[in-house]
>>> print(open('work-v7.cif').read())   # mmCIF, C-alpha atoms
data_my_file
loop_
_atom_site.label_atom_id
_atom_site.label_comp_id
_atom_site.auth_asym_id
_atom_site.auth_seq_id
_atom_site.Cartn_x
_atom_site.Cartn_y
_atom_site.Cartn_z
CA MET A 5 -36.99 -20.30 -31.34
CA ALA A 6 -34.64 -22.82 -32.89
CA SER A 7 -33.52 -25.55 -30.50
CA MET A 8 -29.82 -25.77 -29.60
CA LYS A 9 -28.20 -29.08 -30.36
CA TRP A 10 -25.17 -30.31 -28.46
CA ASN A 11 -22.85 -33.08 -29.51
CA SER A 12 -19.77 -34.48 -27.81
CA LYS A 13 -17.48 -32.21 -29.80
CA SER A 14 -19.44 -29.10 -28.72
CA THR A 15 -19.31 -30.20 -25.10
CA ILE A 16 -15.55 -30.71 -25.26
CA SER A 17 -15.07 -27.29 -26.88
CA PHE A 18 -17.21 -25.56 -24.27
CA THR A 19 -15.41 -27.32 -21.45
CA PHE A 20 -12.02 -26.36 -22.87
CA VAL A 21 -12.98 -22.69 -23.29
CA SER A 22 -14.42 -22.55 -19.77
CA ALA A 23 -11.30 -24.09 -18.29
CA ALA A 24 -9.09 -21.70 -20.21
CA LEU A 25 -11.15 -18.74 -19.01
CA CYS A 26 -10.93 -19.92 -15.43
CA LEU A 27 -7.16 -20.32 -15.75
CA LEU A 28 -6.84 -16.77 -17.05
CA LEU A 29 -8.93 -15.45 -14.16
CA VAL A 30 -6.85 -17.36 -11.63
CA LEU A 31 -3.62 -16.08 -13.16
CA HIS A 32 -4.94 -12.53 -13.20
CA PHE A 33 -6.07 -12.48 -9.61
CA THR A 34 -2.98 -14.27 -8.37
CA THR A 35 -0.98 -11.43 -9.87
CA THR A 36 -3.05 -8.48 -8.77
CA CYS A 37 -5.33 -9.35 -5.86
CA GLU A 38 -4.54 -8.28 -2.34
CA ALA A 39 -6.20 -11.45 -1.04
CA THR A 40 -3.15 -13.46 -2.08
CA LEU A 41 -1.20 -11.91 0.80
CA SER A 42 -1.00 -14.29 3.75
CA SER A 43 0.71 -14.24 7.14
CA ARG A 44 1.87 -17.80 6.39
CA PHE A 45 3.30 -17.04 2.96
CA TYR A 46 6.86 -18.10 3.91
CA ASP A 47 5.95 -20.97 6.24
CA LYS A 48 7.39 -23.55 3.85
CA THR A 49 9.83 -21.55 1.73
CA CYS A 50 11.54 -19.62 4.55
CA PRO A 51 10.13 -20.60 7.96
CA ASN A 52 12.74 -18.60 9.91
CA ALA A 53 12.29 -15.36 7.96
CA ILE A 54 10.17 -13.55 10.55
CA SER A 55 12.33 -14.50 13.53
CA THR A 56 15.45 -13.43 11.62
CA ILE A 57 13.97 -10.04 10.77
CA ARG A 58 12.71 -9.64 14.33
CA SER A 59 16.11 -10.31 15.85
CA SER A 60 17.85 -7.91 13.49
CA ILE A 61 15.38 -5.06 14.01
CA ARG A 62 15.12 -5.45 17.78
CA SER A 63 18.90 -5.38 18.06
CA ALA A 64 19.10 -2.19 15.99
CA ILE A 65 16.41 -0.40 18.01
CA SER A 66 18.08 -1.39 21.27
CA ARG A 67 21.07 0.60 20.05
CA GLU A 68 19.00 3.61 18.95
CA ARG A 69 15.42 3.76 20.20
CA ARG A 70 14.50 6.56 17.80
CA MET A 71 14.83 4.07 14.95
CA ALA A 72 11.44 2.61 15.88
CA ALA A 73 9.69 5.75 14.68
CA SER A 74 11.93 5.93 11.63
CA LEU A 75 11.04 2.40 10.50
CA ILE A 76 7.30 2.88 10.94
CA ARG A 77 7.56 6.09 8.94
CA LEU A 78 9.66 4.38 6.25
CA HIS A 79 6.95 1.75 5.78
CA PHE A 80 4.30 4.48 5.58
CA HIS A 81 6.30 6.44 2.99
CA ASP A 82 6.75 3.26 0.97
CA CYS A 83 3.08 2.26 0.95
CA PHE A 84 1.79 5.72 0.02
CA VAL A 85 3.87 5.78 -3.18
CA LYS A 86 2.49 3.24 -5.67
CA GLY A 87 1.85 0.74 -2.90
CA CYS A 88 3.94 -1.28 -0.44
CA ASP A 89 6.62 -2.40 -2.90
CA ALA A 90 9.94 -1.26 -1.38
CA SER A 91 10.39 1.37 -4.10
CA ILE A 92 11.56 3.80 -1.40
CA LEU A 93 14.62 1.62 -0.75
CA LEU A 94 16.07 1.91 -4.26
CA ASP A 95 19.12 4.07 -4.96
CA ASP A 96 19.52 6.11 -8.14
CA SER A 97 20.16 4.05 -11.26
CA SER A 98 20.79 4.69 -14.94
CA THR A 99 17.06 4.35 -15.65
CA PHE A 100 15.36 6.10 -12.71
CA THR A 101 15.89 8.54 -9.85
CA SER A 102 15.56 7.36 -6.26
CA GLU A 103 12.66 8.33 -4.01
CA LYS A 104 15.22 8.98 -1.27
CA ASN A 105 15.76 12.49 -2.60
CA ALA A 106 12.08 13.35 -3.02
CA LEU A 107 11.24 16.35 -0.83
CA PRO A 108 9.34 14.39 1.88
CA ASN A 109 12.27 11.96 2.24
CA ARG A 110 15.40 14.02 1.64
CA ASN A 111 17.58 14.23 4.77
CA SER A 112 14.58 12.94 6.67
CA ALA A 113 13.66 9.31 5.95
CA ARG A 114 15.90 6.93 7.88
CA GLY A 115 16.46 3.25 8.52
CA TYR A 116 17.46 2.13 5.04
CA GLU A 117 20.57 0.40 6.33
CA LEU A 118 18.58 -1.50 8.96
CA ILE A 119 16.30 -2.97 6.31
CA GLU A 120 19.32 -3.80 4.16
CA ASP A 121 20.96 -5.56 7.09
CA ALA A 122 17.84 -7.56 7.95
CA LYS A 123 17.42 -8.52 4.30
CA ALA A 124 21.06 -9.68 4.09
CA LYS A 125 20.51 -11.96 7.08
CA VAL A 126 17.40 -13.42 5.49
CA GLU A 127 19.26 -13.92 2.20
CA LYS A 128 21.81 -16.09 4.01
CA ILE A 129 19.15 -18.59 5.04
CA CYS A 130 16.70 -18.25 2.11
CA PRO A 131 18.33 -16.62 -0.93
CA GLY A 132 15.96 -14.97 -3.38
CA VAL A 133 12.79 -15.82 -1.47
CA VAL A 134 11.73 -12.96 0.82
CA SER A 135 11.01 -9.55 -0.69
CA CYS A 136 12.37 -6.27 0.63
CA ALA A 137 8.77 -5.02 0.79
CA ASP A 138 7.92 -7.80 3.24
CA VAL A 139 11.09 -7.20 5.26
CA LEU A 140 10.03 -3.56 5.66
CA ALA A 141 6.46 -4.50 6.59
CA VAL A 142 7.65 -6.90 9.30
CA ALA A 143 10.23 -4.37 10.50
CA ALA A 144 7.50 -1.79 11.10
CA ARG A 145 5.58 -4.21 13.30
CA GLU A 146 8.72 -5.17 15.22
CA ALA A 147 9.58 -1.50 15.64
CA SER A 148 6.21 -0.87 17.27
CA LEU A 149 6.64 -3.79 19.66
CA ALA A 150 10.16 -2.65 20.59
CA VAL A 151 8.76 0.59 22.07
CA SER A 152 5.76 -1.02 23.81
CA GLY A 153 3.44 -0.43 20.88
CA PRO A 154 0.76 -2.76 19.54
CA SER A 155 1.30 -5.83 17.42
CA TRP A 156 -0.63 -6.92 14.35
CA THR A 157 -0.65 -9.80 11.90
CA VAL A 158 1.59 -8.90 8.97
CA LYS A 159 0.32 -10.31 5.70
CA LEU A 160 3.13 -11.40 3.41
CA GLY A 161 3.73 -12.21 -0.23
CA ARG A 162 4.51 -8.75 -1.59
CA ARG A 163 7.07 -8.43 -4.34
CA ASP A 164 9.48 -5.59 -5.02
CA SER A 165 9.08 -2.78 -7.51
CA PRO A 166 11.57 -2.73 -10.41
CA ARG A 167 11.76 1.06 -10.24
CA ALA A 168 11.33 4.12 -8.03
CA TYR A 169 8.74 6.91 -8.30
CA PRO A 170 10.16 10.20 -6.97
CA ASP A 171 7.51 12.31 -8.72
CA VAL A 172 4.74 10.31 -7.04
CA ALA A 173 6.52 10.66 -3.69
CA ASN A 174 6.49 14.44 -4.14
CA THR A 175 2.77 14.51 -4.92
CA ASP A 176 1.24 11.70 -2.83
CA LEU A 177 2.96 11.90 0.56
CA PRO A 178 1.16 14.15 3.08
CA GLY A 179 2.81 17.44 4.00
CA PHE A 180 3.38 18.83 7.48
CA THR A 181 1.31 21.99 6.85
CA GLU A 182 -1.73 20.42 5.17
CA SER A 183 -5.32 21.07 6.13
CA LEU A 184 -7.61 18.45 7.64
CA ASP A 185 -9.70 18.19 4.48
CA ARG A 186 -6.59 17.68 2.37
CA LEU A 187 -5.28 14.97 4.72
CA ILE A 188 -8.61 13.14 4.72
CA SER A 189 -8.62 13.29 0.93
CA ARG A 190 -5.07 11.95 0.67
CA PHE A 191 -5.76 9.00 2.95
CA GLY A 192 -9.11 8.36 1.31
CA GLY A 193 -7.32 8.11 -2.02
CA LYS A 194 -5.35 5.19 -0.59
CA GLY A 195 -8.45 3.42 0.69
CA LEU A 196 -8.01 4.60 4.29
CA SER A 197 -10.69 6.27 6.39
CA ALA A 198 -10.45 9.42 8.49
CA ARG A 199 -10.31 7.16 11.54
CA ASP A 200 -7.40 5.25 10.00
CA MET A 201 -5.67 8.56 9.37
CA VAL A 202 -6.03 9.72 12.98
CA ALA A 203 -4.88 6.36 14.31
CA LEU A 204 -1.84 6.27 12.03
CA SER A 205 -0.99 9.85 12.97
CA GLY A 206 -0.69 8.54 16.50
CA ALA A 207 2.69 7.12 15.47
CA HIS A 208 3.87 10.66 16.22
CA THR A 209 3.75 9.68 19.87
CA ILE A 210 7.35 8.62 19.18
CA GLY A 211 10.04 10.12 17.00
CA GLN A 212 11.36 13.59 16.28
CA ALA A 213 10.89 16.39 13.79
CA GLN A 214 13.30 18.90 12.30
CA CYS A 215 12.97 22.58 13.16
CA PHE A 216 12.01 23.65 9.63
CA THR A 217 8.85 21.52 9.83
CA PHE A 218 7.42 23.39 12.83
CA ARG A 219 9.21 26.78 12.84
CA ASN A 220 6.28 28.73 11.41
CA ARG A 221 3.88 27.13 13.86
CA ILE A 222 5.80 27.97 17.04
CA TYR A 223 6.39 31.59 15.98
CA SER A 224 2.92 32.21 14.55
CA ASN A 225 1.20 33.27 17.81
CA THR A 226 -2.07 31.82 16.51
CA SER A 227 -4.90 30.56 18.69
CA ASP A 228 -4.35 26.89 17.83
CA ILE A 229 -1.10 26.54 19.77
CA ASN A 230 -0.46 26.68 23.50
CA ALA A 231 1.67 29.79 24.10
CA SER A 232 3.97 28.30 26.75
CA PHE A 233 4.42 25.20 24.62
CA ALA A 234 5.42 27.35 21.64
CA ARG A 235 7.93 29.31 23.74
CA SER A 236 9.50 26.13 25.11
CA ARG A 237 10.05 24.79 21.59
CA ARG A 238 11.83 27.94 20.41
CA SER A 239 14.99 27.19 22.39
CA ARG A 240 16.03 24.58 19.82
CA CYS A 241 14.46 26.22 16.81
CA PRO A 242 15.54 29.82 16.06
CA ALA A 243 13.22 32.09 14.11
CA ALA A 244 15.85 32.81 11.45
CA VAL A 245 15.48 30.36 8.57
CA THR A 246 19.26 30.30 8.16
CA GLN A 247 19.79 28.82 11.63
CA GLY A 248 19.02 25.46 13.18
CA SER A 249 16.68 24.17 10.50
CA SER A 250 17.78 20.57 11.01
CA ASN A 251 17.70 20.72 14.81
CA LEU A 252 15.57 17.91 16.21
CA ALA A 253 12.74 18.07 18.72
CA PRO A 254 10.55 15.23 20.03
CA LEU A 255 7.10 15.16 18.50
CA GLU A 256 5.69 14.31 21.93
CA LEU A 257 7.42 15.68 25.00
CA VAL A 258 5.98 13.61 27.85
CA THR A 259 7.03 10.09 26.81
CA PRO A 260 8.88 10.59 23.50
CA ASN A 261 10.32 7.06 23.37
CA SER A 262 7.24 5.08 24.36
CA PHE A 263 4.22 4.23 22.25
CA ASP A 264 1.19 5.53 24.14
CA ASN A 265 -1.74 7.93 23.74
CA ASN A 266 -0.08 11.07 25.13
CA TYR A 267 0.08 12.42 21.57
CA PHE A 268 -3.71 12.79 21.59
CA LYS A 269 -3.76 14.32 25.06
CA ASN A 270 -1.30 16.91 23.77
CA LEU A 271 -3.51 17.78 20.79
CA ILE A 272 -6.41 18.56 23.12
CA GLN A 273 -4.10 20.96 24.97
CA LYS A 274 -3.05 22.56 21.65
CA LYS A 275 0.42 21.08 21.96
CA GLY A 276 0.71 19.40 18.60
CA LEU A 277 4.16 20.12 17.22
CA LEU A 278 3.30 19.93 13.52
CA GLN A 279 0.45 21.84 11.94
CA SER A 280 -0.72 18.57 10.34
CA ASP A 281 -0.97 17.11 13.85
CA GLN A 282 -2.96 19.91 15.42
CA VAL A 283 -5.52 20.08 12.61
CA LEU A 284 -6.77 16.70 13.82
CA PHE A 285 -8.17 18.55 16.84
CA SER A 286 -9.17 21.99 15.66
CA GLY A 287 -12.96 22.06 15.60
CA GLY A 288 -13.21 19.67 12.68
CA SER A 289 -14.66 16.25 11.94
CA THR A 290 -11.87 14.28 13.64
CA ASP A 291 -12.08 16.02 17.04
CA SER A 292 -14.23 13.22 18.46
CA ILE A 293 -11.72 10.55 17.40
CA VAL A 294 -8.82 12.42 19.01
CA SER A 295 -10.89 12.85 22.18
CA GLU A 296 -11.74 9.15 22.22
CA TYR A 297 -8.12 8.07 21.81
CA SER A 298 -6.96 10.50 24.51
CA LYS A 299 -9.24 8.72 26.98
CA ASN A 300 -9.01 5.17 25.69
CA SER A 301 -5.50 3.90 25.01
CA ALA A 302 -6.72 0.39 24.22
CA ARG A 303 -9.00 1.67 21.47
CA PHE A 304 -6.16 3.69 19.95
CA ARG A 305 -3.81 0.72 19.98
CA ALA A 306 -6.41 -1.57 18.40
CA ASP A 307 -7.27 0.96 15.70
CA PHE A 308 -3.60 1.68 14.99
CA ALA A 309 -2.91 -2.02 14.48
CA ALA A 310 -5.93 -2.42 12.19
CA ALA A 311 -4.93 0.67 10.19
CA MET A 312 -1.39 -0.66 9.75
CA VAL A 313 -2.81 -3.88 8.29
CA ARG A 314 -5.00 -1.88 5.88
CA MET A 315 -2.08 0.32 4.92
CA GLY A 316 -0.02 -2.79 4.20
CA ASP A 317 -2.70 -3.85 1.72
CA ILE A 318 -2.21 -0.79 -0.52
CA GLU A 319 -1.49 -1.93 -4.09
CA PRO A 320 0.90 -4.82 -3.40
CA LEU A 321 2.75 -6.48 -6.25
CA THR A 322 2.07 -10.20 -6.04
CA GLY A 323 2.33 -13.36 -8.12
CA SER A 324 4.57 -12.74 -11.11
CA ALA A 325 4.49 -8.94 -10.86
CA GLY A 326 7.62 -7.15 -9.73
CA GLN A 327 10.66 -9.06 -8.51
CA ILE A 328 12.48 -10.34 -5.43
CA ARG A 329 15.55 -8.17 -4.96
CA ARG A 330 18.70 -9.71 -3.51
CA VAL A 331 19.84 -6.24 -2.36
CA CYS A 332 17.12 -3.77 -1.40
CA SER A 333 18.85 -0.69 -2.83
CA ALA A 334 19.17 -2.10 -6.37
CA VAL A 335 16.92 -3.92 -8.82
CA SER A 336 17.76 -7.53 -9.55
#
>>> encode(input="work-v7.cif", output="structure tokens")
Amino acid sequence: MASMKWNSKSTISFTFVSAALCLLLVLHFTTTCEATLSSRFYDKTCPNAISTIRSSIRSAISRERRMAASLIRLHFHDCFVKGCDASILLDDSSTFTSEKNALPNRNSARGYELIEDAKAKVEKICPGVVSCADVLAVAAREASLAVSGPSWTVKLGRRDSPRAYPDVANTDLPGFTESLDRLISRFGGKGLSARDMVALSGAHTIGQAQCFTFRNRIYSNTSDINASFARSRRSRCPAAVTQGSSNLAPLELVTPNSFDNNYFKNLIQKKGLLQSDQVLFSGGSTDSIVSEYSKNSARFRADFAAAMVRMGDIEPLTGSAGQIRRVCSAVS
């Protein structure tokens, strides 16, 4: 084998190429890697961002407690559509259609104005620094705390999407009549486990649902619903599809405005309001998780917090990707 000879010029060339390659790798991973998210991302550039968001969100929820559930759901619906990038907050534009009118969000998703208000307050102290995606992520955590729910460390550094994805919203967001296998598959596709799915579903311990989402279930007379529970829910939800479709009912009747584990206790009694809730305890693979959470509130709270962190890691835009919007409803 011929020996390899090195001279000073070869060494310089090799060193230069290696350095250039390393720089490219650093630039690539800074742009795309979830590891660049950090809870201290704004410590120097906007140290009062979190407290400003917290104050704004807590004030809003004190005026309408139901908004806590709405904000957690808004964050979920954002992250499940091309990642946690605030695409759900965009209005229609000349180049794209908003996700707000996608079927899972239309006349259902709420809290847009609260995020816009919190963002405006942050803009006053740190213009052009904090993304709408991060405002929404922090708002979800603050919403949980406002109704006695768990806290978690919110990683920051997301950037905002320059467009909306209504078609993806229609295909990727879980539906209220889906089977357990389908739900597990959907969450798995986002890097979340079946346990994450059950824990996140526990957010339905607060909030309300519209009649059209549970009408078929309460009039079906099937074996997976408590008969007296079904009858009690019919008073606000007529059988006729032309009546009362938007009427609201609490997802969890016992403590509908407090974050606790009664949701899971209800499932064991066949009192899940949505079909997609009850399938979590219907003789399938997640029965044991529901049973565990119904008996162990601390475990549910810990798992919910961990699942929210993992959900917040779904496909973030970081580095030079995306943008920092000044107004959350419009691209910059």
>>> resolve_selection(input="work-v7.cif", expression="the PyMOL selection byres ((chain A and resi 312-314) around 10)", output="list in words")
Ile76, His79, Phe80, Ala141, Ala144, Arg145, Ser155, Trp156, Thr157, Val158, Lys159, Lys194, Gly195, Leu196, Ser197, Asp200, Ala203, Leu204, Asp307, Phe308, Ala309, Ala310, Ala311, Met315, Gly316, Asp317 and Ile318 of chain A
>>> residues_around(input="work-v7.cif", residues="Asp228 in chain A", least_positions_apart="6", cutoff="9 Å", atoms="only C-alpha atoms", output="list in words")
Lys274, Lys275, Gln282, Val283 and Ser286 of chain A
>>> resolve_selection(input="work-v7.cif", expression="the PyMOL selection byres ((chain A and resi 83) around 9)", output="ChimeraX atom specification")
/A:78-82,84-92,315-320
>>> residues_around(input="work-v7.cif", residues="range 298-305 of chain A", least_positions_apart="2", cutoff="6 Å", atoms="all atoms listed in the file", output="ChimeraX atom specification")
/A:154,265,268-269,295-296,307-308
>>> closest_residue(input="work-v7.cif", among="A:Ser43, A:Ala306, A:Gln279, A:Ala64", to="Glu182 in chain A", atoms="only C-alpha atoms")
A:Gln279
>>> build_atoms(input="work-v7.cif", residues="range 208-219 of chain A", atoms="all heavy atoms", output="PDB file, in the coordinates of the input")
ATOM      1  N   HIS A 208       3.086   9.498  15.796  1.00  0.00           N
ATOM      2  CA  HIS A 208       3.870  10.660  16.220  1.00  0.00           C
ATOM      3  C   HIS A 208       3.978  10.759  17.736  1.00  0.00           C
ATOM      4  O   HIS A 208       4.518  11.737  18.253  1.00  0.00           O
ATOM      5  CB  HIS A 208       3.278  11.943  15.643  1.00  0.00           C
ATOM      6  CG  HIS A 208       3.569  12.118  14.181  1.00  0.00           C
ATOM      7  ND1 HIS A 208       3.130  13.201  13.441  1.00  0.00           N
ATOM      8  CD2 HIS A 208       4.264  11.344  13.316  1.00  0.00           C
ATOM      9  CE1 HIS A 208       3.533  13.075  12.194  1.00  0.00           C
ATOM     10  NE2 HIS A 208       4.224  11.958  12.089  1.00  0.00           N
ATOM     11  N   THR A 209       3.490   9.752  18.429  1.00  0.00           N
ATOM     12  CA  THR A 209       3.750   9.680  19.870  1.00  0.00           C
ATOM     13  C   THR A 209       5.201   9.325  20.140  1.00  0.00           C
ATOM     14  O   THR A 209       5.688   9.444  21.259  1.00  0.00           O
ATOM     15  CB  THR A 209       2.811   8.645  20.531  1.00  0.00           C
ATOM     16  OG1 THR A 209       2.917   8.764  21.953  1.00  0.00           O
ATOM     17  CG2 THR A 209       3.169   7.221  20.126  1.00  0.00           C
ATOM     18  N   ILE A 210       5.905   8.863  19.101  1.00  0.00           N
ATOM     19  CA  ILE A 210       7.350   8.620  19.180  1.00  0.00           C
ATOM     20  C   ILE A 210       8.012   9.357  18.024  1.00  0.00           C
ATOM     21  O   ILE A 210       7.353   9.814  17.093  1.00  0.00           O
ATOM     22  CB  ILE A 210       7.691   7.116  19.111  1.00  0.00           C
ATOM     23  CG1 ILE A 210       7.068   6.466  17.855  1.00  0.00           C
ATOM     24  CG2 ILE A 210       7.236   6.397  20.366  1.00  0.00           C
ATOM     25  CD1 ILE A 210       7.436   5.008  17.646  1.00  0.00           C
ATOM     26  N   GLY A 211       9.313   9.496  18.088  1.00  0.00           N
ATOM     27  CA  GLY A 211      10.040  10.120  17.000  1.00  0.00           C
ATOM     28  C   GLY A 211      10.281  11.607  17.184  1.00  0.00           C
ATOM     29  O   GLY A 211       9.833  12.214  18.158  1.00  0.00           O
ATOM     30  N   GLN A 212      10.978  12.181  16.210  1.00  0.00           N
ATOM     31  CA  GLN A 212      11.360  13.590  16.280  1.00  0.00           C
ATOM     32  C   GLN A 212      11.119  14.277  14.938  1.00  0.00           C
ATOM     33  O   GLN A 212      10.976  13.617  13.908  1.00  0.00           O
ATOM     34  CB  GLN A 212      12.828  13.711  16.677  1.00  0.00           C
ATOM     35  CG  GLN A 212      13.144  13.032  18.009  1.00  0.00           C
ATOM     36  CD  GLN A 212      14.524  13.378  18.532  1.00  0.00           C
ATOM     37  OE1 GLN A 212      14.898  14.544  18.558  1.00  0.00           O
ATOM     38  NE2 GLN A 212      15.282  12.379  18.947  1.00  0.00           N
ATOM     39  N   ALA A 213      11.078  15.592  15.001  1.00  0.00           N
ATOM     40  CA  ALA A 213      10.890  16.390  13.790  1.00  0.00           C
ATOM     41  C   ALA A 213      11.967  17.462  13.712  1.00  0.00           C
ATOM     42  O   ALA A 213      12.488  17.908  14.739  1.00  0.00           O
ATOM     43  CB  ALA A 213       9.507  17.051  13.792  1.00  0.00           C
ATOM     44  N   GLN A 214      12.305  17.851  12.501  1.00  0.00           N
ATOM     45  CA  GLN A 214      13.300  18.900  12.300  1.00  0.00           C
ATOM     46  C   GLN A 214      12.654  20.284  12.426  1.00  0.00           C
ATOM     47  O   GLN A 214      11.489  20.472  12.074  1.00  0.00           O
ATOM     48  CB  GLN A 214      13.948  18.752  10.925  1.00  0.00           C
ATOM     49  CG  GLN A 214      14.746  17.473  10.766  1.00  0.00           C
ATOM     50  CD  GLN A 214      15.433  17.383   9.422  1.00  0.00           C
ATOM     51  OE1 GLN A 214      16.240  18.238   9.065  1.00  0.00           O
ATOM     52  NE2 GLN A 214      15.121  16.342   8.653  1.00  0.00           N
ATOM     53  N   CYS A 215      13.436  21.225  12.896  1.00  0.00           N
ATOM     54  CA  CYS A 215      12.970  22.580  13.160  1.00  0.00           C
ATOM     55  C   CYS A 215      12.191  23.202  11.992  1.00  0.00           C
ATOM     56  O   CYS A 215      11.150  23.834  12.200  1.00  0.00           O
ATOM     57  CB  CYS A 215      14.161  23.458  13.534  1.00  0.00           C
ATOM     58  SG  CYS A 215      13.860  25.242  13.568  1.00  0.00           S
ATOM     59  N   PHE A 216      12.667  22.982  10.758  1.00  0.00           N
ATOM     60  CA  PHE A 216      12.010  23.650   9.630  1.00  0.00           C
ATOM     61  C   PHE A 216      10.569  23.195   9.442  1.00  0.00           C
ATOM     62  O   PHE A 216       9.763  23.888   8.831  1.00  0.00           O
ATOM     63  CB  PHE A 216      12.808  23.448   8.348  1.00  0.00           C
ATOM     64  CG  PHE A 216      12.643  22.095   7.691  1.00  0.00           C
ATOM     65  CD1 PHE A 216      11.647  21.876   6.755  1.00  0.00           C
ATOM     66  CD2 PHE A 216      13.497  21.035   8.023  1.00  0.00           C
ATOM     67  CE1 PHE A 216      11.494  20.637   6.156  1.00  0.00           C
ATOM     68  CE2 PHE A 216      13.350  19.798   7.420  1.00  0.00           C
ATOM     69  CZ  PHE A 216      12.344  19.589   6.491  1.00  0.00           C
ATOM     70  N   THR A 217      10.211  22.026   9.998  1.00  0.00           N
ATOM     71  CA  THR A 217       8.850  21.520   9.830  1.00  0.00           C
ATOM     72  C   THR A 217       7.857  22.163  10.791  1.00  0.00           C
ATOM     73  O   THR A 217       6.642  22.084  10.567  1.00  0.00           O
ATOM     74  CB  THR A 217       8.788  19.995  10.013  1.00  0.00           C
ATOM     75  OG1 THR A 217       9.150  19.662  11.359  1.00  0.00           O
ATOM     76  CG2 THR A 217       9.721  19.288   9.034  1.00  0.00           C
ATOM     77  N   PHE A 218       8.346  22.777  11.860  1.00  0.00           N
ATOM     78  CA  PHE A 218       7.420  23.390  12.830  1.00  0.00           C
ATOM     79  C   PHE A 218       7.780  24.829  13.182  1.00  0.00           C
ATOM     80  O   PHE A 218       7.126  25.449  14.027  1.00  0.00           O
ATOM     81  CB  PHE A 218       7.340  22.531  14.107  1.00  0.00           C
ATOM     82  CG  PHE A 218       8.643  22.327  14.831  1.00  0.00           C
ATOM     83  CD1 PHE A 218       9.086  23.250  15.770  1.00  0.00           C
ATOM     84  CD2 PHE A 218       9.422  21.204  14.589  1.00  0.00           C
ATOM     85  CE1 PHE A 218      10.287  23.057  16.451  1.00  0.00           C
ATOM     86  CE2 PHE A 218      10.624  20.990  15.265  1.00  0.00           C
ATOM     87  CZ  PHE A 218      11.055  21.918  16.203  1.00  0.00           C
ATOM     88  N   ARG A 219       8.781  25.411  12.531  1.00  0.00           N
ATOM     89  CA  ARG A 219       9.210  26.780  12.840  1.00  0.00           C
ATOM     90  C   ARG A 219       8.057  27.779  12.718  1.00  0.00           C
ATOM     91  O   ARG A 219       7.804  28.586  13.624  1.00  0.00           O
ATOM     92  CB  ARG A 219      10.373  27.189  11.939  1.00  0.00           C
ATOM     93  CG  ARG A 219      10.778  28.657  12.114  1.00  0.00           C
ATOM     94  CD  ARG A 219      11.871  29.053  11.153  1.00  0.00           C
ATOM     95  NE  ARG A 219      13.193  28.611  11.602  1.00  0.00           N
ATOM     96  CZ  ARG A 219      14.016  27.843  10.905  1.00  0.00           C
ATOM     97  NH1 ARG A 219      13.649  27.391   9.711  1.00  0.00           N
ATOM     98  NH2 ARG A 219      15.201  27.518  11.382  1.00  0.00           N
TER      99      ARG A 219
END
